[in-house]
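Please read the structure below before turning to the comments.
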Amino acid sequence: MAYLDHAATTPVLPEAVDAVSAALGELGNPSSLHGSGRRARRRLEEAREQIAACVGARPSEVILTSGGTEADNLAVKGLYWARRAADPRRDRVIVSAVEHHAILDAAAWLEHHDGARVEVLPVDGAGRVDPDSLRSALARDPDSVAVASVMWANNEVGTVQPVAELAAIARDHGVPFHSDAVQAVSTQPVNFAASGADALSLTGHKIGGPVGTGALLLRRDLACEPLLHGGGQERDVRSGTLDVPGAVGFATAVAVAVDRRAELRNRLMTLRRALVGGVRDQIPDVIENGHPAERLPGLAHLTFPGCEGDSLLMLLDARGIECSTGSACSAGVAQASHVLLAMQASPELARGSLRFSLGHTSTQQDVDAVLEVIGPVVARARRAGLASVAG
Amino acid sequence: MRVLAAMSGGVDSAVAAARAVDAGHEVTGVHLALSLAPQTLRTGARGCCTREDAHDARRAADVLGIPFYIWDLAERFRADVIDDFVAEYAAGHTPNPCLRCNEKIKFAAVLDRALALGFDAVVTGHHARVQDGRLYRSVDAAKDQSYVLAVLRPDQLAHAVFPLGDSTKAQVRAEAAARALAVADKPDSHDICFIADGDTRAFLQRRLGSQQGPIVDADTGDVLGSHQGSWGFTVGQRRGLDLRRAAASGERRYVLAVEPASNTVVVGPRERLAVDEIRAAGPVWTSSRPGTGFGCSVQMRAHGMVSPATVTVEDGAVVARLHHPQHGVAAGQALVMYDGDEVLGSATITAAGRIAADA
Ligand SMILES: Cc1ncc(COP(=O)(O)O)c(C=O)c1O
């Protein structure tokens with residue numbers, strides 16, 4: 001079996017497994033005042049400090065969440081609600097066209113249920129947002145914007161956005177800027193303070209931590225309405241008894257990921273070059289999507305003209321190669337990717353795409369396994385693609 | 001063999017897939033997403049391809065330990081089945097969409113793609129048998145689905161596997177329970193899958209609009225009432241006729257004919273429904289062509305309406321002379337010919353009448 005779907009989730013690091021299982025053996029609710037509570041609180045706050053130190057944040061800026069989806073929802077909805085409450089003119093939400101559905105659907109929900117006006121920033125053929133498009137959207141009427149959100153790195157095609165530049169533009173206009181950094185942490189220099197962003201989403205399971213853990217990094221001075229009401233944990237922004245083992249596992253994973261980032265980056269670039277080059281040798285008309293330079297080093301999003309992504313996926317799965325089409329599913333039905341469509345790909349090409357994503361456990365053998373079967377698999381998928389057109 | 005099991009999320013297709021696994025085949029499950037806007041939950045026996053059905057199919061595949069995928073055939077289904085269904089009603093016919101789905105989707109689009117992907121056959125949970133390339137009725141007469149499979153050509157049947165044909169529905173359910181498949185007691189689906197609320201007339205009205213037209217007495221030519229579109233009627237139908245004038249004899253009235261060109265529905269007494277000569281076009285023979293004249297039994301509805309008959313085949317048309325007259329034979333339905341339990345073939349009914357009346 002060759003696992004090339006690290007962008008979906010990546011194996012949990014042994015260090016994180018050990019940290020979580022040790023913490024699961026400990027008693028205590030960090031909100032309790034007694035000794036067990038104090039000990040739990042200490043482990044929790046140490047984890048928070050570790051996370052903060054690794055990503056250039058202050059501990060008080062780390063709001064622990066159940067992962068990326070919650071962090072994204074909290075950023076978009078929470079900042080929208082708080083900013084509009086402070087000034088009812090602020091009803092615009094600006095997002096890029098290639099955001100994860102956790103952002104896009106949260107914004108759409110605000111539009112349909114809460115009077116927001118959502119503006120979608122276009123991307124170029126490589127999936128990059130032009131900073132000028134943000135600048136002109138803001139300049140039109142900065143006082144009416146509640147929040148702007150552009151992801152750090154795209155989960156489908158791997159394109160990395162000019163986050164620092166976008167954050168600076170938002171700052172110039174006095175608008176809070178959020179970025180979904182879920183896919184970026186393991187290979188990009190994610191530093192909250194240096195980025196200039198006001199909020200960043202992180203998740204554990206894309207970096208070798210446990211699923212169901214993550215954080216929203218949020219500037220202290222930025223008001224944010226909670227999604228979850230209750231015991232008032234996490235600055236009153238995110239209630240719920242704190243998950244100490246989860247936090248400890250997440251912190252361990254962040255620390256290991258940041259420590260090994262440079263080495264992983266180099267290794268993934270080499271493997272990716274071998275993968276894409278090897279595929280191109282066999283399938284000369286393969287199309288590489290995303291930005292040629294500003295991209296995640298371990299992600300290769302490829303279009304195979306004349307094929308259906310579903311067919312490729314199934315044929316590869318039958319041969320022990322695990323990858324994805326990269327796009328979201330609706331009732332399990334693959335939809336043409338909104339990311340590729342935003343990049344002006346035709347729907348047919350968008351449907352014939354696969355995402356191979358490499359990660360910390362990837363090896364040359366994984367690449368070789370793909371190269372061994374890709375030629376016949378693509379040939380077969382092309383025949384099936386023709387059958388479904390003609391049939 | 002490498003086989004593709006079409007899994008609807010119901011009990012039949014789950015057990016069919018399980019039996020294919022037991023038979024030693026390398027089985028891959030697929031759920032066909034046929035609805036352009038799937039509903040989240042199924043309501044009773046209605047509808048199909050809800051997210052819940054997809055989930056049930058996936059769960060069954062997981063229990064069987066086979067790979068599972070969803071194939072999106074919604075566009076093909078709309079073009080080949082739903083639009084055809086509407087067009088047939090608009091033309092005054094009574095289509096059978098399940099038959100069309102087998103003909104155009106399951107054993108055409110799906111089979112073609114499966115063969116291209118390297119599979120040898122498609123497995124479904126239909127209640128019918130295939131032996132030596134010949135198609136037979138299920139042993140469970142009440143659940144037999146050979147009628148809606150009778151449109152398959154030999155090259156399609158050669159790649160069709162129906163593992164349930166030797167079992168009754170009760171046996172299938174018991175087996176599902178024994179295999180711990182959660183769908184063991186899921187209700188059967190009965191209605192037309194793409195009409196989720198079961199209201200065919202309202203569905204057709206949305207697609208075809210309404211236009212008032214007369215309901216005419218077959219004998220006198222008197223206008224007895226009005227309707228909102230001839231497409232809403234099927235030959236043999238009795239209910240849903242809004243007749244302001246009762247017949248002189250006080251007899252019940254039945255739809256005898258639907259005439260879309262003049263938007264007229266013709267009604268009359270039940271005995272006028274009786275026909276014994278059926279014309280049908282576009283014959284398909286499931287194995288070999290049986291000759292130009294032969295005796296067999298014919299079936300003209302998915303359930304019931306069976307009669308011994310003498311069939312002649314000429315110029316691509318079939319004429320069946322029924323030994324027992326039948327009531328309510330509708331154009332658009334299939335005339336399926338059987339030799340005992342074996343399906344010989346089928347053709348689409350174009351006209352029905354009385355031999356005596358023809359003379
Ligand atoms: C860019 C991006 N944002 C958000 C998410 C959601 O994160 P989580 O799975 O932790 O809810 C994902 C992962 O699927 C992602 O790739």
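Following the order of the structure tokens, first chain is A, next is B, and so on, with residues numbered from 1 inside each chain and ligands from 1 in the order they appear.
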
Let me have all residues with an atom within 9 Å of ligand 1, counting only C-alpha atoms and all ligand atoms, laid out as a PyMOL selection string. chain A and resi 7-9+66-72+99-103+151-156+180-184+201-206+211-214

So that I can check the surroundings of range 255-259 of chain B, please list as a ChimeraX atom specification every protein, DNA and RNA residue that reaches within 9 Å of it, counting only C-alpha atoms and ignoring chain neighbours fewer than 4 positions away. /B:91-93,218,230-231,233-238,241,263-270,272-273,328,330

So which residues of range 158-192 of chain A fall under alpha helix (DSSP H) by DSSP, listed as a PyMOL selection string? chain A and resi 163-172+192

Could the residues in this selection be saved with all heavy atoms as a compact mmCIF listing (two decimals), in the first residue's frame?
```txt
# COMPACT_ATOMS: atom_id res chain seq x y z
N VAL A 163 0.38 35.88 1.81
CA VAL A 163 -0.38 36.20 3.01
C VAL A 163 0.09 37.50 3.66
O VAL A 163 -0.73 38.35 4.05
CB VAL A 163 -0.30 35.03 4.02
CG1 VAL A 163 -0.87 35.43 5.37
CG2 VAL A 163 -1.08 33.84 3.47
N ALA A 164 1.41 37.68 3.77
CA ALA A 164 1.91 38.88 4.47
C ALA A 164 1.46 40.14 3.73
O ALA A 164 1.04 41.13 4.35
CB ALA A 164 3.43 38.82 4.57
N GLU A 165 1.52 40.08 2.40
CA GLU A 165 1.12 41.24 1.61
C GLU A 165 -0.38 41.53 1.78
O GLU A 165 -0.80 42.67 1.95
CB GLU A 165 1.46 40.96 0.15
CG GLU A 165 1.52 42.19 -0.72
CD GLU A 165 1.87 41.85 -2.17
OE1 GLU A 165 2.49 40.77 -2.40
OE2 GLU A 165 1.52 42.62 -3.05
N LEU A 166 -1.18 40.45 1.74
CA LEU A 166 -2.63 40.61 1.89
C LEU A 166 -2.96 41.15 3.29
O LEU A 166 -3.81 42.04 3.44
CB LEU A 166 -3.32 39.27 1.66
CG LEU A 166 -3.18 38.68 0.26
CD1 LEU A 166 -3.63 37.21 0.23
CD2 LEU A 166 -3.99 39.49 -0.76
N ALA A 167 -2.26 40.61 4.29
CA ALA A 167 -2.52 41.05 5.67
C ALA A 167 -2.19 42.53 5.82
O ALA A 167 -2.92 43.28 6.50
CB ALA A 167 -1.70 40.21 6.65
N ALA A 168 -1.09 42.96 5.18
CA ALA A 168 -0.69 44.37 5.29
C ALA A 168 -1.74 45.28 4.65
O ALA A 168 -2.06 46.35 5.17
CB ALA A 168 0.67 44.56 4.64
N ILE A 169 -2.28 44.83 3.52
CA ILE A 169 -3.31 45.63 2.84
C ILE A 169 -4.54 45.77 3.74
O ILE A 169 -5.11 46.86 3.90
CB ILE A 169 -3.69 44.98 1.49
CG1 ILE A 169 -2.50 45.07 0.53
CG2 ILE A 169 -4.93 45.64 0.89
CD1 ILE A 169 -2.63 44.19 -0.70
N ALA A 170 -4.94 44.65 4.35
CA ALA A 170 -6.11 44.68 5.23
C ALA A 170 -5.84 45.62 6.41
O ALA A 170 -6.70 46.43 6.78
CB ALA A 170 -6.43 43.27 5.72
N ARG A 171 -4.64 45.51 6.95
CA ARG A 171 -4.29 46.37 8.09
C ARG A 171 -4.38 47.84 7.70
O ARG A 171 -4.92 48.65 8.45
CB ARG A 171 -2.87 46.02 8.56
CG ARG A 171 -2.29 47.02 9.51
CD ARG A 171 -1.79 46.43 10.80
NE ARG A 171 -2.51 45.24 11.21
CZ ARG A 171 -2.01 44.30 11.98
NH1 ARG A 171 -0.77 44.39 12.40
NH2 ARG A 171 -2.72 43.27 12.33
N ASP A 172 -3.86 48.18 6.50
CA ASP A 172 -3.91 49.57 6.04
C ASP A 172 -5.34 50.10 6.01
O ASP A 172 -5.57 51.29 6.12
CB ASP A 172 -3.33 49.70 4.62
CG ASP A 172 -1.83 49.52 4.61
OD1 ASP A 172 -1.22 49.57 5.70
OD2 ASP A 172 -1.27 49.32 3.51
N PHE A 192 2.75 33.72 13.31
CA PHE A 192 1.57 34.58 13.45
C PHE A 192 1.96 36.06 13.49
O PHE A 192 1.43 36.87 12.73
CB PHE A 192 0.81 34.17 14.72
CG PHE A 192 -0.49 34.87 14.92
CD1 PHE A 192 -1.42 34.99 13.89
CD2 PHE A 192 -0.83 35.40 16.17
CE1 PHE A 192 -2.64 35.62 14.09
CE2 PHE A 192 -2.05 36.04 16.38
CZ PHE A 192 -2.95 36.16 15.34
```

12 Å contact set for Glu46 in chain A, only C-alpha atoms, chain neighbours under 4 positions out, as a VMD selection string: chain A and resid 30 39 to 42 50 to 53 59 to 60 62 244 to 245 247 to 252

Write out as JSON, numbers by chain the residues lying within 6 Å of range 317-326 of chain B, counting only C-alpha atoms and excluding same-chain residues fewer than 4 positions away. {"B": [274, 275, 276, 277, 278, 279, 280, 281, 307, 308, 309, 310, 311, 312, 313]}

Please identify all polymer residues within 6 Å of His291 in chain A, counting only C-alpha atoms, omitting same-chain residues fewer than 3 positions from it, and present them as a PyMOL selection string. chain A and resi 126+159+294-295

Please identify all residues of chain B having at least one atom at most 9 Å from any atom of chain A, considering only C-alpha atoms, and return them as a list in words.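 In the required form, that comes to Ala33, Pro38, Thr40, Thr50, Arg51, Glu52, Ala54, His55, Pro67, Phe68, Tyr69, Ile70, Trp71, Asp72, Lys104, Ala108, Ala109, Val110, Asp112, Arg113, Ala114, Leu115, Ala116, Leu117 and Gly118 of chain B.
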
Please produce a file of the residues just selected, as a CSV table (one decimal), in the first residue's frame, where the atoms kept are C-alpha atoms.
```
chain,number,residue,atom,x,y,z
B,33,ALA,CA,-26.2,8.6,-7.9
B,38,PRO,CA,-30.5,14.2,-3.7
B,40,THR,CA,-31.1,13.8,2.7
B,50,THR,CA,-30.9,9.8,-1.1
B,51,ARG,CA,-27.8,10.4,1.0
B,52,GLU,CA,-29.2,7.9,3.4
B,54,ALA,CA,-25.8,6.0,-0.4
B,55,HIS,CA,-24.8,5.7,3.3
B,67,PRO,CA,-14.2,-1.3,-2.1
B,68,PHE,CA,-17.1,1.1,-2.7
B,69,TYR,CA,-17.5,4.1,-4.9
B,70,ILE,CA,-20.3,6.4,-6.0
B,71,TRP,CA,-20.8,7.0,-9.7
B,72,ASP,CA,-22.6,10.1,-10.7
B,104,LYS,CA,-29.9,2.7,-20.8
B,108,ALA,CA,-25.4,0.3,-20.9
B,109,ALA,CA,-23.7,3.3,-19.3
B,110,VAL,CA,-22.6,1.5,-16.2
B,112,ASP,CA,-19.8,-0.1,-20.7
B,113,ARG,CA,-17.8,1.9,-18.1
B,114,ALA,CA,-17.3,-1.3,-16.0
B,115,LEU,CA,-16.0,-3.3,-19.0
B,116,ALA,CA,-13.7,-0.4,-20.0
B,117,LEU,CA,-12.4,-0.3,-16.5
B,118,GLY,CA,-11.5,-4.0,-16.6
```

Please identify all polymer residues within 7 Å of range 159-165 of chain B, counting only C-alpha atoms, omitting same-chain residues fewer than 6 positions from it, and present them as a VMD selection string. chain B and resid 16 19 120 to 130 138 to 139

With N, CA and C atoms retained, could you export that selection as a PDB file, in the first residue's frame?
```pdb
ATOM      1  N   ALA B  16     -27.116  -9.482  -2.947  1.00  0.00           N
ATOM      2  CA  ALA B  16     -26.542  -9.901  -4.234  1.00  0.00           C
ATOM      3  C   ALA B  16     -25.015  -9.720  -4.207  1.00  0.00           C
ATOM      4  N   ARG B  19     -23.438 -12.371  -2.040  1.00  0.00           N
ATOM      5  CA  ARG B  19     -23.360 -13.689  -2.690  1.00  0.00           C
ATOM      6  C   ARG B  19     -22.258 -13.702  -3.742  1.00  0.00           C
ATOM      7  N   ASP B 120     -15.553  -7.717 -15.509  1.00  0.00           N
ATOM      8  CA  ASP B 120     -16.108  -8.717 -16.421  1.00  0.00           C
ATOM      9  C   ASP B 120     -17.625  -8.689 -16.447  1.00  0.00           C
ATOM     10  N   ALA B 121     -18.249  -8.182 -15.381  1.00  0.00           N
ATOM     11  CA  ALA B 121     -19.707  -8.255 -15.310  1.00  0.00           C
ATOM     12  C   ALA B 121     -20.235  -7.255 -14.298  1.00  0.00           C
ATOM     13  N   VAL B 122     -21.536  -6.989 -14.426  1.00  0.00           N
ATOM     14  CA  VAL B 122     -22.246  -6.163 -13.460  1.00  0.00           C
ATOM     15  C   VAL B 122     -23.210  -7.061 -12.682  1.00  0.00           C
ATOM     16  N   VAL B 123     -23.171  -6.949 -11.361  1.00  0.00           N
ATOM     17  CA  VAL B 123     -24.045  -7.732 -10.481  1.00  0.00           C
ATOM     18  C   VAL B 123     -25.143  -6.813  -9.967  1.00  0.00           C
ATOM     19  N   THR B 124     -26.400  -7.246 -10.060  1.00  0.00           N
ATOM     20  CA  THR B 124     -27.468  -6.448  -9.458  1.00  0.00           C
ATOM     21  C   THR B 124     -28.357  -7.348  -8.605  1.00  0.00           C
ATOM     22  N   GLY B 125     -29.207  -6.724  -7.837  1.00  0.00           N
ATOM     23  CA  GLY B 125     -30.117  -7.455  -6.952  1.00  0.00           C
ATOM     24  C   GLY B 125     -31.463  -7.714  -7.583  1.00  0.00           C
ATOM     25  N   HIS B 126     -31.514  -7.743  -8.913  1.00  0.00           N
ATOM     26  CA  HIS B 126     -32.794  -8.033  -9.568  1.00  0.00           C
ATOM     27  C   HIS B 126     -33.240  -9.461  -9.281  1.00  0.00           C
ATOM     28  N   HIS B 127     -34.548  -9.623  -9.152  1.00  0.00           N
ATOM     29  CA  HIS B 127     -35.116 -10.957  -8.976  1.00  0.00           C
ATOM     30  C   HIS B 127     -35.392 -11.547 -10.357  1.00  0.00           C
ATOM     31  N   ALA B 128     -34.400 -12.233 -10.862  1.00  0.00           N
ATOM     32  CA  ALA B 128     -34.490 -12.893 -12.172  1.00  0.00           C
ATOM     33  C   ALA B 128     -33.296 -13.831 -12.247  1.00  0.00           C
ATOM     34  N   ARG B 129     -33.335 -14.752 -13.204  1.00  0.00           N
ATOM     35  CA  ARG B 129     -32.230 -15.709 -13.334  1.00  0.00           C
ATOM     36  C   ARG B 129     -31.636 -15.633 -14.736  1.00  0.00           C
ATOM     37  N   VAL B 130     -30.341 -15.840 -14.809  1.00  0.00           N
ATOM     38  CA  VAL B 130     -29.696 -16.011 -16.113  1.00  0.00           C
ATOM     39  C   VAL B 130     -28.999 -17.363 -16.078  1.00  0.00           C
ATOM     40  N   SER B 138     -37.776 -15.063 -11.849  1.00  0.00           N
ATOM     41  CA  SER B 138     -37.353 -15.450 -10.507  1.00  0.00           C
ATOM     42  C   SER B 138     -38.228 -16.591 -10.003  1.00  0.00           C
ATOM     43  N   VAL B 139     -37.702 -17.355  -9.052  1.00  0.00           N
ATOM     44  CA  VAL B 139     -38.546 -18.373  -8.431  1.00  0.00           C
ATOM     45  C   VAL B 139     -39.637 -17.730  -7.576  1.00  0.00           C
TER      46      VAL B 139
END
```

Strand (DSSP E or B) call set, DSSP backbone run, range 34-177 of chain A, as number ranges by chain: A: 62-65, 92-96, 117-121, 123, 129, 145-149, 153, 159-160, 177

As an exercise, work out the distance from CA of His190 in chain B to CA of Val27 in chain B in Å and give it to one decimal place.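 We find that CA of His190 in chain B and CA of Val27 in chain B lie 27.2 Å from each other.
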
Would you list the contacts of Asn191 in chain A as a list in words, taking every protein, DNA or RNA residue within 10 Å and counting only C-alpha atoms, but skipping same-chain residues closer than 6 positions in sequence?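 Listed by chain and then number, they are Ala52, Ala53, Cys54, Val55, Gly56, Ala57, Val185, Ala197 and Leu200 of chain A.
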
Those residues with N, CA and C atoms, as an mmCIF file, in the first residue's frame please?
```
data_model
loop_
_atom_site.group_PDB
_atom_site.id
_atom_site.type_symbol
_atom_site.label_atom_id
_atom_site.label_comp_id
_atom_site.auth_asym_id
_atom_site.auth_seq_id
_atom_site.Cartn_x
_atom_site.Cartn_y
_atom_site.Cartn_z
ATOM 1 N N ALA A 52 2.229 28.185 20.994
ATOM 2 C CA ALA A 52 2.449 29.612 20.740
ATOM 3 C C ALA A 52 3.890 29.861 20.306
ATOM 4 N N ALA A 53 4.827 29.266 21.032
ATOM 5 C CA ALA A 53 6.239 29.503 20.731
ATOM 6 C C ALA A 53 6.593 29.016 19.329
ATOM 7 N N CYS A 54 5.970 27.933 18.924
ATOM 8 C CA CYS A 54 6.310 27.350 17.617
ATOM 9 C C CYS A 54 5.742 28.140 16.445
ATOM 10 N N VAL A 55 4.682 28.890 16.671
ATOM 11 C CA VAL A 55 4.036 29.574 15.537
ATOM 12 C C VAL A 55 4.037 31.088 15.716
ATOM 13 N N GLY A 56 4.917 31.581 16.558
ATOM 14 C CA GLY A 56 5.082 33.034 16.658
ATOM 15 C C GLY A 56 3.883 33.750 17.250
ATOM 16 N N ALA A 57 3.232 33.097 18.199
ATOM 17 C CA ALA A 57 2.070 33.728 18.835
ATOM 18 C C ALA A 57 2.330 33.854 20.331
ATOM 19 N N VAL A 185 1.323 24.585 7.889
ATOM 20 C CA VAL A 185 2.218 24.543 9.048
ATOM 21 C C VAL A 185 3.408 23.604 8.873
ATOM 22 N N ALA A 197 -1.194 38.765 10.100
ATOM 23 C CA ALA A 197 -2.613 38.388 10.132
ATOM 24 C C ALA A 197 -3.176 38.609 11.533
ATOM 25 N N LEU A 200 -5.433 33.135 12.592
ATOM 26 C CA LEU A 200 -4.939 32.018 11.769
ATOM 27 C C LEU A 200 -5.585 30.735 12.254
#
```

May I ask for the distance between CA of Phe107 in chain B and CA of Cys307 in chain A, given in Å to one decimal place?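 It comes out at 21.1 Å.
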
With distances taken over only C-alpha atoms, the candidate from A:Ser31, A:Asp285, A:Thr10, A:Gly174 nearest Gly232 in chain A is A:Ser31

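Of note, CA of Ser226 in chain B and CA of Arg207 in chain B are spaced 20.1 Å apart.
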
Could you tell me which of A:Gly196, A:Gly326, A:Pro347, A:Gly158 comes closest to Leu299 in chain A if we count only C-alpha atoms?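 Selected residue with least distance to Leu299 in chain A: A:Gly158.
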
Using only C-alpha atoms, the best pick from A:Ala274, A:Ala350, A:Val190, A:Ile321 as closest to Arg261 in chain A would be A:Val190
